[in-house]
Amino acid sequence: MKRTSRYKLNKRGKITIYAFIFLVILLIYIFISSSFFELKNIAINGNEKLNTNQIKKLTSIGVGKNLFQYNLKDIEENIKSNPYIKYVEVKRKIPNQLIINIKENTEDFIINLDKKYLYIQSDGLILSEKSKIENKNIPIISGLKIKEYRLKEKIKIDKSTSEKYFILMLKSLKKNNMIRELKTIDINKNFINLKTKDGIRVKLKLDSNIEYNINRLNEILINLKSEKLKDGELDLLNDKQATYLP
């Protein structure tokens with residue numbers, strides 16, 4: 001009698017487990033097939049350079065499919081294929097919405113290569129190649145010899161100019177919020193000629209002191225602007241003394 005009771009209990013336990021598994025599968029099926037969870041809206045946050053339609057196109061998805069049938073990792077990878085996307089996170093919002101949070105790379109400088117223009121970030125990352133200048137608020141870099149370039153990769157420049165100090169210069173200019181103040185940057189091997197939007201021409205070296213000299217340049221330009229001085233020439237070739245000629 002005891003063996004029979006144990007057998008009945010084990011049998012009932014197995015039936016309970018099978019019933020639970022069946023219920024879980026049924027619920028999953030309901031979730032997947034129910035129109036209640038049909039995707040109706042894609043919300044995008046954090047985009048400035050890319051518009052909403054451009055990002056939606058990158059997702060390679062359309063509305064109308066069940067929310068749980070979308071592979072979020074695949075959607076993120078599709079969006080990250082664009083060089084302007086620095087970070088992306090895709091989330092589901094019950095019952096029928098996808099939330100896409102992104103952070104973009106920024107156009108900080110334009111490199112002039114004959115009839116082509118490379119839009120780059122301050123770390124040297126190439127974002128796009130265009131046949132004309134579309135963003136007139138950022139400096140144009142000329143005189144730079146590029147070995148090779150590919151979108152979504154960092155530039156590789158000729159050995160005649162220090163790549164390390166060049167990138168350090170770009171980062172220092174951005175750190176000091178000077179990008180909007182400059183009009184052109186001309187590179188001649190390891191020497192730099194800058195021109196501000198106030199018409200001030202600046203000379204400095206592209207060497208190990210570049211970060212120090214950019215900080216110094218920023219302070220001088222602030223002082224010149226406070227005194228309402230425009231045009232003229234500023235010589236920073238000497239690390240200890242700056243010379244300004246109206």
# chains A, B, ... in the order shown; residues from 1 in each chain; ligands from 1
call {"tool": "residues_around", "arguments": {"residues": "stretch 59-72 of chain A", "least_positions_apart": "4", "cutoff": "8 Å", "atoms": "only C-alpha atoms", "output": "list in words"}}
result
Phe31, Ile32, Ser33, Ser34, Ser35, Phe37, Glu38, Leu39, Lys40, Asn41, Ile55, Glu76, Asn78, Ile79, Val90, Lys91, Arg92, Pro95, Asn96, Gln97 and Leu98 of chain A
call {"tool": "write_last_selection", "arguments": {"atoms": "C-alpha atoms", "output": "compact mmCIF listing (two decimals), in the first residue's frame"}}
result
# COMPACT_ATOMS: atom_id res chain seq x y z
CA PHE A 31 2.50 36.87 -25.62
CA ILE A 32 4.01 36.26 -29.05
CA SER A 33 0.79 35.95 -31.01
CA SER A 34 -1.40 38.51 -29.25
CA SER A 35 -2.12 41.73 -31.17
CA PHE A 37 1.70 43.48 -27.94
CA GLU A 38 1.93 44.52 -31.57
CA LEU A 39 4.61 47.22 -32.06
CA LYS A 40 2.96 50.55 -32.81
CA ASN A 41 5.59 53.15 -31.91
CA ILE A 55 17.61 56.16 -37.21
CA GLU A 76 21.47 47.90 -31.67
CA ASN A 78 22.26 47.84 -37.04
CA ILE A 79 22.11 51.32 -35.54
CA VAL A 90 17.14 49.55 -27.20
CA LYS A 91 14.42 48.66 -24.67
CA ARG A 92 10.90 47.27 -24.85
CA PRO A 95 2.64 46.89 -24.36
CA ASN A 96 3.60 48.16 -27.84
CA GLN A 97 6.65 50.44 -27.90
CA LEU A 98 10.41 50.30 -28.48
call {"tool": "residues_around", "arguments": {"residues": "stretch 171-177 of chain A", "least_positions_apart": "6", "cutoff": "10 Å", "atoms": "only C-alpha atoms", "output": "count of residues only"}}
result
16
call {"tool": "select_by_dssp", "arguments": {"residues": "stretch 5-227 of chain A", "states": "alpha helix (DSSP H)", "output": "PyMOL selection string"}}
result
chain A and resi 5-33+52-59+72-80+163-175+210-226
call {"tool": "residues_around", "arguments": {"residues": "stretch 194-206 of chain A", "least_positions_apart": "6", "cutoff": "10 Å", "atoms": "only C-alpha atoms", "output": "NGL selection string"}}
result
:A and (137 or 139-141 or 161-166 or 168-169 or 178-188 or 213-214 or 217 or 221 or 224-225 or 228-239 or 242-246)
call {"tool": "atom_distance", "arguments": {"atom1": "atom CA of A:Lys132", "atom2": "atom CA of A:Lys103"}}
result
25.6 Å
call {"tool": "select_by_dssp", "arguments": {"residues": "stretch 13-86 of chain A", "states": "strand (DSSP E or B)", "output": "list in words"}}
result
Glu38, Asn41, Ile42, Ala43, Ile44, Asn45, Asn66, Ile85 and Lys86 of chain A
call {"tool": "residues_around", "arguments": {"residues": "stretch 112-120 of chain A", "least_positions_apart": "2", "cutoff": "12 Å", "atoms": "only C-alpha atoms", "output": "JSON, numbers by chain"}}
result
{"A": [83, 84, 105, 106, 107, 108, 109, 110, 122, 123, 124, 125, 126, 127, 128, 129, 130, 131, 132, 133, 134, 135, 136, 138, 139, 140, 141, 142, 143, 144, 145, 146, 147, 148, 149, 150, 151, 152, 153, 154, 155, 167, 170, 171, 184, 185, 186, 187]}
call {"tool": "atom_distance", "arguments": {"atom1": "atom CA of A:Ser208", "atom2": "atom CA of A:Ser226"}}
result
29.4 Å
